[in-house]
>>> print(open('data_12.cif').read())   # mmCIF, C-alpha atoms and all ligand atoms
data_target
#
loop_
_atom_site.label_atom_id
_atom_site.label_comp_id
_atom_site.auth_asym_id
_atom_site.auth_seq_id
_atom_site.Cartn_x
_atom_site.Cartn_y
_atom_site.Cartn_z
CA SER U 1 0.00 0.00 0.00
CA VAL U 2 0.94 3.64 -0.20
CA MET U 3 1.37 4.34 3.50
CA PRO U 4 4.60 2.46 4.36
CA ALA U 5 6.35 3.73 1.23
CA LEU U 6 5.30 7.29 1.99
CA LEU U 7 6.32 7.10 5.62
CA SER U 8 9.68 5.70 4.71
CA ALA U 9 10.20 8.49 2.14
CA ILE U 10 9.24 11.12 4.72
CA SER U 11 11.61 9.73 7.32
CA ASN U 12 14.45 9.30 4.81
CA GLY U 13 13.90 12.89 3.77
CA ALA U 14 13.91 14.12 7.34
CA ARG U 15 17.23 12.42 7.97
CA ARG U 16 18.69 14.37 5.06
CA GLY U 17 17.23 17.72 6.04
CA VAL U 18 14.15 17.61 3.81
CA LEU U 19 10.98 18.15 5.86
CA PHE U 20 7.68 17.22 4.23
CA LYS U 21 4.77 18.87 6.02
CA SER U 22 2.50 16.09 4.78
CA GLY U 23 2.61 12.91 2.70
CA ASN U 24 0.49 14.59 0.01
CA HIS U 25 3.46 16.67 -0.96
CA VAL U 26 5.54 13.59 -1.73
CA GLN U 27 2.81 12.53 -4.14
CA ASN U 28 2.44 16.01 -5.59
CA LEU U 29 6.13 15.87 -6.47
CA GLN U 30 5.64 12.78 -8.59
CA GLY U 31 5.87 13.62 -12.26
CA VAL U 32 7.01 17.21 -11.70
CA ARG U 33 7.99 18.79 -15.03
CA VAL U 34 9.25 22.22 -13.99
CA ILE U 35 11.17 23.67 -11.05
CA ALA U 36 11.17 27.45 -10.62
CA PHE U 37 13.78 29.05 -8.39
CA ASP U 38 13.78 32.47 -6.83
CA LYS U 39 17.15 34.17 -7.38
CA THR U 40 18.09 36.13 -4.27
CA GLY U 41 18.59 33.91 -1.22
CA THR U 42 17.67 30.76 -3.12
CA LEU U 43 20.09 30.31 -6.04
CA THR U 44 22.34 32.94 -4.47
CA LYS U 45 23.41 33.22 -0.85
CA GLY U 46 21.20 36.26 -0.39
CA VAL U 47 23.82 38.36 1.36
CA PRO U 48 24.75 41.08 -1.12
CA GLU U 49 27.81 43.25 -0.65
CA VAL U 50 28.47 46.73 -1.94
CA ARG U 51 31.02 46.63 -4.79
CA ASP U 52 31.04 50.00 -6.56
CA ILE U 53 29.80 53.50 -5.79
CA VAL U 54 29.55 56.09 -8.54
CA ALA U 55 28.63 59.75 -8.03
CA PHE U 56 27.34 62.41 -10.45
CA HIS U 57 26.38 66.09 -10.40
CA GLY U 58 29.21 67.22 -8.12
CA TYR U 59 28.51 64.69 -5.37
CA ASP U 60 31.21 62.34 -4.15
CA GLU U 61 30.98 58.61 -3.42
CA LYS U 62 30.93 59.19 0.31
CA GLU U 63 27.94 61.51 0.09
CA VAL U 64 26.05 59.06 -2.09
CA LEU U 65 26.69 56.18 0.33
CA GLN U 66 25.88 58.31 3.37
CA ALA U 67 22.56 59.54 2.00
CA ALA U 68 21.53 56.15 0.62
CA ALA U 69 22.36 54.46 3.93
CA SER U 70 20.46 57.11 5.90
CA ILE U 71 17.35 56.39 3.84
CA GLU U 72 17.86 52.61 3.86
CA GLN U 73 18.32 52.41 7.65
CA LEU U 74 14.60 51.82 8.01
CA SER U 75 14.39 49.05 5.40
CA THR U 76 14.95 45.35 6.10
CA HIS U 77 15.68 44.56 2.44
CA PRO U 78 19.01 42.70 2.04
CA LEU U 79 20.26 45.42 -0.33
CA ALA U 80 19.42 48.05 2.29
CA GLU U 81 21.25 46.10 4.98
CA ALA U 82 24.35 45.82 2.78
CA ILE U 83 24.35 49.57 2.08
CA VAL U 84 23.96 50.45 5.77
CA LYS U 85 26.69 47.96 6.69
CA ARG U 86 29.15 49.56 4.27
CA ALA U 87 28.38 53.06 5.60
CA ARG U 88 28.98 51.89 9.17
CA GLU U 89 32.27 50.23 8.18
CA LYS U 90 33.31 53.62 6.81
CA ASP U 91 32.17 55.33 10.04
CA LEU U 92 29.79 57.60 8.16
CA PRO U 93 27.31 59.28 10.49
CA LEU U 94 23.76 58.52 9.33
CA SER U 95 20.87 60.95 9.63
CA ARG U 96 17.27 60.08 10.40
CA PRO U 97 15.13 60.46 7.30
CA GLU U 98 11.64 61.92 7.52
CA GLY U 99 8.52 60.65 5.82
CA MET U 100 10.10 57.39 4.84
CA GLU U 101 8.03 55.27 2.44
CA SER U 102 8.97 51.84 1.26
CA VAL U 103 7.61 50.52 -2.03
CA THR U 104 7.78 46.72 -2.14
CA GLY U 105 9.82 45.41 -5.05
CA PHE U 106 11.03 48.90 -6.02
CA GLY U 107 12.79 50.84 -3.30
CA ILE U 108 12.39 53.46 -0.63
CA THR U 109 11.95 57.24 -0.36
CA GLY U 110 12.54 59.72 2.45
CA LYS U 111 13.54 63.30 3.18
CA LEU U 112 16.97 64.40 4.40
CA ASN U 113 17.24 68.09 5.37
CA GLY U 114 14.02 68.79 3.49
CA ALA U 115 15.20 67.22 0.20
CA LEU U 116 13.42 64.19 -1.24
CA TRP U 117 15.60 61.14 -1.88
CA LYS U 118 14.67 57.99 -3.79
CA VAL U 119 16.76 54.84 -3.47
CA GLY U 120 15.87 51.77 -5.49
CA LYS U 121 15.68 50.12 -8.86
CA GLU U 122 15.80 51.81 -12.25
CA GLN U 123 12.01 51.84 -12.70
CA PHE U 124 11.70 53.58 -9.33
CA VAL U 125 13.70 56.69 -10.15
CA ASP U 126 12.58 59.32 -12.65
CA ALA U 127 15.53 61.70 -13.04
CA PRO U 128 17.34 61.80 -16.41
CA PHE U 129 20.56 59.77 -16.61
CA VAL U 130 23.85 61.37 -17.50
CA GLU U 131 25.55 59.41 -20.33
CA ARG U 132 28.16 58.04 -17.92
CA ALA U 133 25.42 56.57 -15.73
CA LYS U 134 24.04 54.47 -18.60
CA GLU U 135 27.45 53.01 -19.32
CA ARG U 136 28.10 52.08 -15.73
CA VAL U 137 24.63 50.57 -15.25
CA ASN U 138 25.17 48.30 -18.27
CA GLU U 139 28.64 47.34 -17.11
CA PHE U 140 27.47 46.40 -13.60
CA ALA U 141 24.44 44.48 -14.84
CA ARG U 142 26.56 42.48 -17.29
CA GLN U 143 28.73 41.49 -14.33
CA GLY U 144 25.62 40.15 -12.59
CA LYS U 145 25.64 42.97 -10.04
CA THR U 146 22.43 44.58 -8.82
CA VAL U 147 22.34 48.34 -9.32
CA VAL U 148 20.71 50.63 -6.78
CA PHE U 149 19.89 54.13 -8.07
CA VAL U 150 20.20 57.14 -5.77
CA GLN U 151 18.16 60.20 -6.67
CA ARG U 152 17.98 63.59 -4.88
CA GLU U 153 15.07 65.78 -5.91
CA ARG U 154 15.28 65.84 -9.74
CA GLU U 155 18.85 64.56 -10.10
CA LEU U 156 20.31 61.08 -10.32
CA VAL U 157 23.27 61.65 -7.99
CA GLY U 158 24.69 58.16 -7.79
CA LEU U 159 24.71 54.41 -8.33
CA ILE U 160 25.60 51.67 -5.90
CA SER U 161 26.38 48.22 -7.29
CA LEU U 162 25.99 45.16 -5.11
CA GLU U 163 27.00 41.59 -5.63
CA ASP U 164 25.49 38.46 -4.22
CA VAL U 165 27.29 35.19 -4.86
CA MET U 166 25.79 32.06 -6.35
CA ARG U 167 25.47 29.18 -3.90
CA PRO U 168 28.33 26.78 -4.72
CA ALA U 169 25.89 23.94 -5.43
CA ALA U 170 23.57 25.88 -7.74
CA LYS U 171 25.09 25.07 -11.12
CA GLN U 172 25.45 21.37 -10.40
CA VAL U 173 21.91 21.13 -9.04
CA ILE U 174 20.50 22.72 -12.19
CA GLU U 175 22.55 20.36 -14.37
CA GLU U 176 21.32 17.36 -12.46
CA LEU U 177 17.68 18.46 -12.67
CA LYS U 178 18.04 18.93 -16.41
CA ARG U 179 19.43 15.39 -16.67
CA GLN U 180 16.31 14.23 -14.81
CA GLY U 181 14.30 15.84 -17.63
CA ILE U 182 13.13 18.82 -15.59
CA TYR U 183 12.73 22.29 -17.10
CA THR U 184 14.46 24.83 -14.83
CA VAL U 185 13.40 28.45 -14.45
CA MET U 186 14.63 31.44 -12.41
CA LEU U 187 12.22 34.15 -11.18
CA THR U 188 13.57 37.44 -9.86
CA GLY U 189 12.54 40.93 -8.90
CA ASP U 190 15.92 42.10 -10.12
CA SER U 191 16.51 43.74 -13.52
CA GLU U 192 16.53 42.05 -16.91
CA GLU U 193 20.30 42.43 -17.42
CA THR U 194 21.31 41.26 -13.95
CA GLY U 195 18.78 38.44 -14.19
CA ARG U 196 20.23 37.32 -17.52
CA SER U 197 23.77 37.26 -16.19
CA LEU U 198 22.88 35.21 -13.10
CA ALA U 199 20.60 32.88 -15.08
CA ALA U 200 23.55 32.15 -17.38
CA GLN U 201 25.81 31.50 -14.38
CA ALA U 202 23.32 29.05 -12.90
CA GLY U 203 22.56 27.45 -16.27
CA VAL U 204 18.74 27.55 -15.99
CA ASP U 205 16.65 26.96 -19.13
CA ALA U 206 14.72 30.23 -18.74
CA TYR U 207 14.47 33.29 -16.51
CA TYR U 208 11.92 36.02 -15.84
CA ALA U 209 13.15 39.36 -14.44
CA ASN U 210 11.39 42.35 -12.83
CA CYS U 211 8.86 40.00 -11.20
CA LEU U 212 6.72 41.49 -8.46
CA PRO U 213 5.37 38.88 -5.98
CA ASP U 214 2.13 38.76 -7.95
CA GLU U 215 3.96 38.23 -11.21
CA LYS U 216 5.81 35.27 -9.73
CA VAL U 217 2.35 33.77 -9.04
CA LYS U 218 1.16 34.40 -12.59
CA ARG U 219 4.33 32.89 -14.00
CA ILE U 220 3.83 29.72 -11.92
CA GLN U 221 0.23 29.49 -13.14
CA LYS U 222 1.32 29.85 -16.77
CA LEU U 223 3.97 27.17 -16.33
CA GLN U 224 1.34 24.90 -14.76
CA GLU U 225 -1.02 25.41 -17.71
CA ARG U 226 1.73 24.56 -20.11
CA TYR U 227 3.63 21.78 -18.35
CA GLY U 228 1.55 20.42 -15.46
CA LYS U 229 3.18 20.12 -12.08
CA VAL U 230 5.47 22.99 -11.11
CA VAL U 231 7.65 23.20 -8.01
CA MET U 232 8.67 26.62 -6.68
CA VAL U 233 11.74 27.06 -4.47
CA GLY U 234 12.03 30.30 -2.52
CA ASP U 235 13.04 32.03 0.68
CA GLY U 236 11.51 35.51 0.78
CA VAL U 237 8.31 37.24 1.81
CA ASN U 238 7.95 38.05 -1.89
CA ASP U 239 8.03 34.33 -2.76
CA ALA U 240 5.27 33.26 -0.37
CA PRO U 241 2.34 33.74 -2.81
CA ALA U 242 4.21 31.76 -5.50
CA LEU U 243 5.09 29.01 -3.00
CA ALA U 244 1.39 28.74 -2.17
CA THR U 245 0.39 28.59 -5.86
CA ALA U 246 2.96 26.00 -6.94
CA SER U 247 2.07 22.29 -6.99
CA VAL U 248 4.73 21.98 -4.30
CA GLY U 249 6.34 24.95 -2.55
CA VAL U 250 9.85 24.36 -1.23
CA GLY U 251 11.19 26.80 1.37
CA MET U 252 14.83 27.45 2.16
CA GLY U 253 15.34 26.68 5.87
CA GLU U 254 17.01 29.98 6.62
CA GLY U 255 14.39 31.89 4.71
CA THR U 256 11.79 34.25 6.14
CA ASP U 257 9.07 32.94 8.47
CA VAL U 258 6.35 33.64 5.92
CA ALA U 259 8.11 31.55 3.28
CA LEU U 260 8.61 28.68 5.73
CA GLU U 261 5.00 28.78 6.89
CA THR U 262 3.74 28.75 3.31
CA ALA U 263 6.10 26.06 2.03
CA ASP U 264 5.02 22.40 1.74
CA VAL U 265 8.56 21.14 2.03
CA VAL U 266 11.45 22.77 3.90
CA LEU U 267 15.15 22.35 3.14
CA VAL U 268 16.31 22.61 6.73
CA LYS U 269 19.94 23.42 6.06
CA ASN U 270 19.38 25.54 2.95
CA GLU U 271 20.92 22.76 0.88
CA LEU U 272 19.93 23.16 -2.76
CA LYS U 273 21.55 19.83 -3.55
CA ARG U 274 18.67 18.15 -1.72
CA ILE U 275 16.29 19.10 -4.50
CA PRO U 276 17.35 16.49 -7.08
CA TYR U 277 17.39 13.99 -4.22
CA THR U 278 13.85 14.98 -3.24
CA VAL U 279 12.63 14.48 -6.80
CA ARG U 280 14.20 11.00 -6.87
CA LEU U 281 12.71 10.18 -3.48
CA ALA U 282 9.20 10.96 -4.71
CA LYS U 283 9.77 8.97 -7.90
CA ARG U 284 10.78 5.91 -5.88
CA VAL U 285 7.55 6.05 -3.88
CA ASP U 286 5.66 6.32 -7.17
CA ARG U 287 7.30 3.12 -8.43
CA VAL U 288 6.69 1.23 -5.19
CA THR U 289 3.01 2.15 -5.12
CA LYS U 290 2.16 1.38 -8.73
P1 LIG H 301 14.37 39.98 -5.36
O1 LIG H 301 14.66 39.59 -3.93
O2 LIG H 301 13.65 38.87 -6.12
O3 LIG H 301 15.57 40.47 -6.11
P2 LIG H 301 12.56 42.22 -4.50
O4 LIG H 301 11.13 42.08 -4.91
O5 LIG H 301 12.88 42.17 -3.07
O6 LIG H 301 13.36 41.19 -5.40
O7 LIG H 301 13.11 43.60 -5.07
C1 LIG H 301 13.16 43.83 -6.45
C2 LIG H 301 14.16 44.90 -6.75
O8 LIG H 301 13.70 46.16 -6.20
C3 LIG H 301 15.51 44.66 -6.13
O9 LIG H 301 16.35 43.88 -6.96
C4 LIG H 301 16.02 46.10 -6.00
O10 LIG H 301 16.57 46.51 -7.23
C5 LIG H 301 14.78 46.92 -5.72
N1 LIG H 301 14.58 47.20 -4.28
C6 LIG H 301 13.59 46.76 -3.50
N2 LIG H 301 13.69 47.24 -2.25
C7 LIG H 301 14.81 48.02 -2.23
C8 LIG H 301 15.48 48.80 -1.22
N3 LIG H 301 15.05 48.91 0.03
N4 LIG H 301 16.60 49.45 -1.59
C9 LIG H 301 17.07 49.36 -2.85
N5 LIG H 301 16.49 48.66 -3.83
C10 LIG H 301 15.38 47.99 -3.54
MG MG H 302 14.70 35.59 -2.31
#
>>> encode(input="data_12.cif", output="structure tokens")
Amino acid sequence: SVMPALLSAISNGARRGVLFKSGNHVQNLQGVRVIAFDKTGTLTKGVPEVRDIVAFHGYDEKEVLQAAASIEQLSTHPLAEAIVKRAREKDLPLSRPEGMESVTGFGITGKLNGALWKVGKEQFVDAPFVERAKERVNEFARQGKTVVFVQRERELVGLISLEDVMRPAAKQVIEELKRQGIYTVMLTGDSEETGRSLAAQAGVDAYYANCLPDEKVKRIQKLQERYGKVVMVGDGVNDAPALATASVGVGMGEGTDVALETADVVLVKNELKRIPYTVRLAKRVDRVTK
């Protein structure tokens, strides 16, 4: 019967750091055709570091970092934390912004000494770019770095590039899944260019950039219509709706509480390499029970 095979799969999984919240999820994994991965914190380590700071319009790098960090102090976004960390390492005194407003998936605004600052992605700022800014943005994105734009009033005064490293296992995991006949996809809120570079590094079959949480959901639904069962792997608050929509949602163990609550399966130690194993585990149960 099904029960003993399922129980043995669940306990084998648990021993290897794969927690199934219920036996149904083992069965829902059987015959999976597509696995979608979030980028930040899932394929990558999720701890970005500031790499480059560029200043325009008579500002210097220190001023750009100081202002950006002052605004970002109130954000819990990993990019914000990296920017604040760098400013503290440089002993830059941060000011308290006023009227801070955070826009999920885009960035954050606030006032410093009465001037309005915007810190976030390209689509979030609206000041014209100087020619040099365009060149640097393209350069950073090609390198797989995420670019944060820093705007003061009506001027783009700087860029901050940040880099997050791929988890060492990512490439191999993707290769192995492809060998198992699974179509691999990366979903990210990051830009098209940065997304492309990291998708190439990981070796996924396809990627979708500039995804708001809701767009991750729609993408999962489209993949389900086209291919059938779709697994989503994620760690962030912004992945929770997609984890809930997927045939099976897999949460990274060190991810946010919301992601872990929503997930059907949890990779306790954040080990991506457990994913091909989990697919095989479910397949074995399928064979035993047929
Ligand atoms: P993801 O974690 O998938 O990259 P998010 O939805 O968290 O995506 O954010 C999408 C993009 O919005 C980020 O890549 C970044 O460019 C921008 N962004 C969001 N919040 C902030 C912030 N506090 N500071 C700077 N940029 C931000
Ligand atoms: Mg993430």
>>> residues_around(input="data_12.cif", residues="U:Lys218", least_positions_apart="5", cutoff="10 Å", atoms="only C-alpha atoms", output="JSON, numbers by chain")
{"U": [211, 212, 213, 223, 224, 241, 242, 245]}
>>> residues_near_ligand(input="data_12.cif", ligand="ligand MG 302 (chain H)", cutoff="12 Å", atoms="all atoms listed in the file", output="VMD selection string")
chain U and resid 37 to 48 77 to 79 105 164 186 to 190 211 to 213 216 232 to 240 242 to 243 251 to 252 254 to 256 258 to 259
>>> residues_around(input="data_12.cif", residues="U:Arg86", least_positions_apart="2", cutoff="10 Å", atoms="only C-alpha atoms", output="PyMOL selection string")
chain U and resi 49-51+65-66+69+81-84+88-92
>>> atom_distance(input="data_12.cif", atom1="atom CA of U:Asn138", atom2="atom C10 of ligand LIG 301 (chain H)")
17.7 Å
>>> closest_residue(input="data_12.cif", among="U:Asn28, U:Ser70, U:Asn113, U:Thr184", to="U:Ala206", atoms="only C-alpha atoms")
U:Thr184
>>> closest_residue(input="data_12.cif", among="U:Val230, U:Val54, U:Ala67, U:Val2", to="U:Phe140", atoms="only C-alpha atoms")
U:Val54
>>> closest_residue(input="data_12.cif", among="U:Gln30, U:Gln221, U:Gln151, U:Gln143", to="U:Ala200", atoms="only C-alpha atoms")
U:Gln143
>>> atom_distance(input="data_12.cif", atom1="atom CA of U:Gly120", atom2="atom N1 of ligand LIG 301 (chain H)")
4.9 Å
>>> axis_aligned_box(input="data_12.cif", around="ligand LIG 301 (chain H)", padding_each_side="5 Å", output="JSON")
{"center_x": 14.1, "center_y": 44.2, "center_z": -3.6, "size_x": 15.9, "size_y": 20.6, "size_z": 17.3}
>>> closest_residue(input="data_12.cif", among="U:Val34, U:Thr109, U:Leu159, U:Glu175", to="U:Ile220", atoms="only C-alpha atoms")
U:Val34
>>> closest_residue(input="data_12.cif", among="U:Arg154, U:Lys145, U:Arg287, U:Arg167", to="ligand LIG 301 (chain H)", atoms="all atoms listed in the file")
U:Lys145
>>> closest_residue(input="data_12.cif", among="U:Ser197, U:Thr262, U:Thr289, U:Thr104", to="ligand LIG 301 (chain H)", atoms="only C-alpha atoms and all ligand atoms")
U:Thr104
>>> build_atoms(input="data_12.cif", residues="stretch 145-166 of chain U", atoms="N, CA and C atoms", output="PDB file, in the coordinates of the input")
ATOM      1  N   LYS U 145      25.843  42.173 -11.253  1.00  0.00           N
ATOM      2  CA  LYS U 145      25.640  42.970 -10.040  1.00  0.00           C
ATOM      3  C   LYS U 145      24.273  43.637 -10.092  1.00  0.00           C
ATOM      4  N   THR U 146      23.699  43.864  -8.919  1.00  0.00           N
ATOM      5  CA  THR U 146      22.430  44.580  -8.820  1.00  0.00           C
ATOM      6  C   THR U 146      22.753  46.056  -8.665  1.00  0.00           C
ATOM      7  N   VAL U 147      22.050  46.911  -9.405  1.00  0.00           N
ATOM      8  CA  VAL U 147      22.340  48.340  -9.320  1.00  0.00           C
ATOM      9  C   VAL U 147      21.242  49.052  -8.543  1.00  0.00           C
ATOM     10  N   VAL U 148      21.643  49.799  -7.531  1.00  0.00           N
ATOM     11  CA  VAL U 148      20.710  50.630  -6.780  1.00  0.00           C
ATOM     12  C   VAL U 148      20.930  52.086  -7.210  1.00  0.00           C
ATOM     13  N   PHE U 149      19.839  52.750  -7.587  1.00  0.00           N
ATOM     14  CA  PHE U 149      19.890  54.130  -8.070  1.00  0.00           C
ATOM     15  C   PHE U 149      19.606  55.075  -6.914  1.00  0.00           C
ATOM     16  N   VAL U 150      20.368  56.169  -6.851  1.00  0.00           N
ATOM     17  CA  VAL U 150      20.200  57.140  -5.770  1.00  0.00           C
ATOM     18  C   VAL U 150      19.848  58.489  -6.374  1.00  0.00           C
ATOM     19  N   GLN U 151      18.645  58.950  -6.092  1.00  0.00           N
ATOM     20  CA  GLN U 151      18.160  60.200  -6.670  1.00  0.00           C
ATOM     21  C   GLN U 151      17.892  61.215  -5.562  1.00  0.00           C
ATOM     22  N   ARG U 152      18.310  62.497  -5.793  1.00  0.00           N
ATOM     23  CA  ARG U 152      17.980  63.590  -4.880  1.00  0.00           C
ATOM     24  C   ARG U 152      17.166  64.614  -5.653  1.00  0.00           C
ATOM     25  N   GLU U 153      15.984  64.874  -5.182  1.00  0.00           N
ATOM     26  CA  GLU U 153      15.070  65.780  -5.910  1.00  0.00           C
ATOM     27  C   GLU U 153      14.997  65.343  -7.376  1.00  0.00           C
ATOM     28  N   ARG U 154      15.414  66.192  -8.325  1.00  0.00           N
ATOM     29  CA  ARG U 154      15.280  65.840  -9.740  1.00  0.00           C
ATOM     30  C   ARG U 154      16.593  65.410 -10.384  1.00  0.00           C
ATOM     31  N   GLU U 155      17.556  64.978  -9.548  1.00  0.00           N
ATOM     32  CA  GLU U 155      18.850  64.560 -10.100  1.00  0.00           C
ATOM     33  C   GLU U 155      19.233  63.138  -9.687  1.00  0.00           C
ATOM     34  N   LEU U 156      19.742  62.385 -10.642  1.00  0.00           N
ATOM     35  CA  LEU U 156      20.310  61.080 -10.320  1.00  0.00           C
ATOM     36  C   LEU U 156      21.733  61.356  -9.831  1.00  0.00           C
ATOM     37  N   VAL U 157      21.957  61.246  -8.525  1.00  0.00           N
ATOM     38  CA  VAL U 157      23.270  61.650  -7.990  1.00  0.00           C
ATOM     39  C   VAL U 157      24.237  60.482  -7.828  1.00  0.00           C
ATOM     40  N   GLY U 158      23.732  59.251  -7.922  1.00  0.00           N
ATOM     41  CA  GLY U 158      24.690  58.160  -7.790  1.00  0.00           C
ATOM     42  C   GLY U 158      24.125  56.779  -8.069  1.00  0.00           C
ATOM     43  N   LEU U 159      25.044  55.824  -8.140  1.00  0.00           N
ATOM     44  CA  LEU U 159      24.710  54.410  -8.330  1.00  0.00           C
ATOM     45  C   LEU U 159      25.494  53.615  -7.297  1.00  0.00           C
ATOM     46  N   ILE U 160      24.875  52.586  -6.778  1.00  0.00           N
ATOM     47  CA  ILE U 160      25.600  51.670  -5.900  1.00  0.00           C
ATOM     48  C   ILE U 160      25.417  50.276  -6.496  1.00  0.00           C
ATOM     49  N   SER U 161      26.523  49.577  -6.774  1.00  0.00           N
ATOM     50  CA  SER U 161      26.380  48.220  -7.290  1.00  0.00           C
ATOM     51  C   SER U 161      26.617  47.245  -6.153  1.00  0.00           C
ATOM     52  N   LEU U 162      25.856  46.171  -6.164  1.00  0.00           N
ATOM     53  CA  LEU U 162      25.990  45.160  -5.110  1.00  0.00           C
ATOM     54  C   LEU U 162      26.081  43.793  -5.744  1.00  0.00           C
ATOM     55  N   GLU U 163      26.830  42.930  -5.101  1.00  0.00           N
ATOM     56  CA  GLU U 163      27.000  41.590  -5.630  1.00  0.00           C
ATOM     57  C   GLU U 163      26.646  40.550  -4.587  1.00  0.00           C
ATOM     58  N   ASP U 164      25.940  39.555  -5.074  1.00  0.00           N
ATOM     59  CA  ASP U 164      25.490  38.460  -4.220  1.00  0.00           C
ATOM     60  C   ASP U 164      26.042  37.217  -4.897  1.00  0.00           C
ATOM     61  N   VAL U 165      26.677  36.324  -4.163  1.00  0.00           N
ATOM     62  CA  VAL U 165      27.290  35.190  -4.860  1.00  0.00           C
ATOM     63  C   VAL U 165      26.345  34.002  -4.991  1.00  0.00           C
ATOM     64  N   MET U 166      26.533  33.289  -6.082  1.00  0.00           N
ATOM     65  CA  MET U 166      25.790  32.060  -6.350  1.00  0.00           C
ATOM     66  C   MET U 166      26.115  31.043  -5.260  1.00  0.00           C
TER      67      MET U 166
END
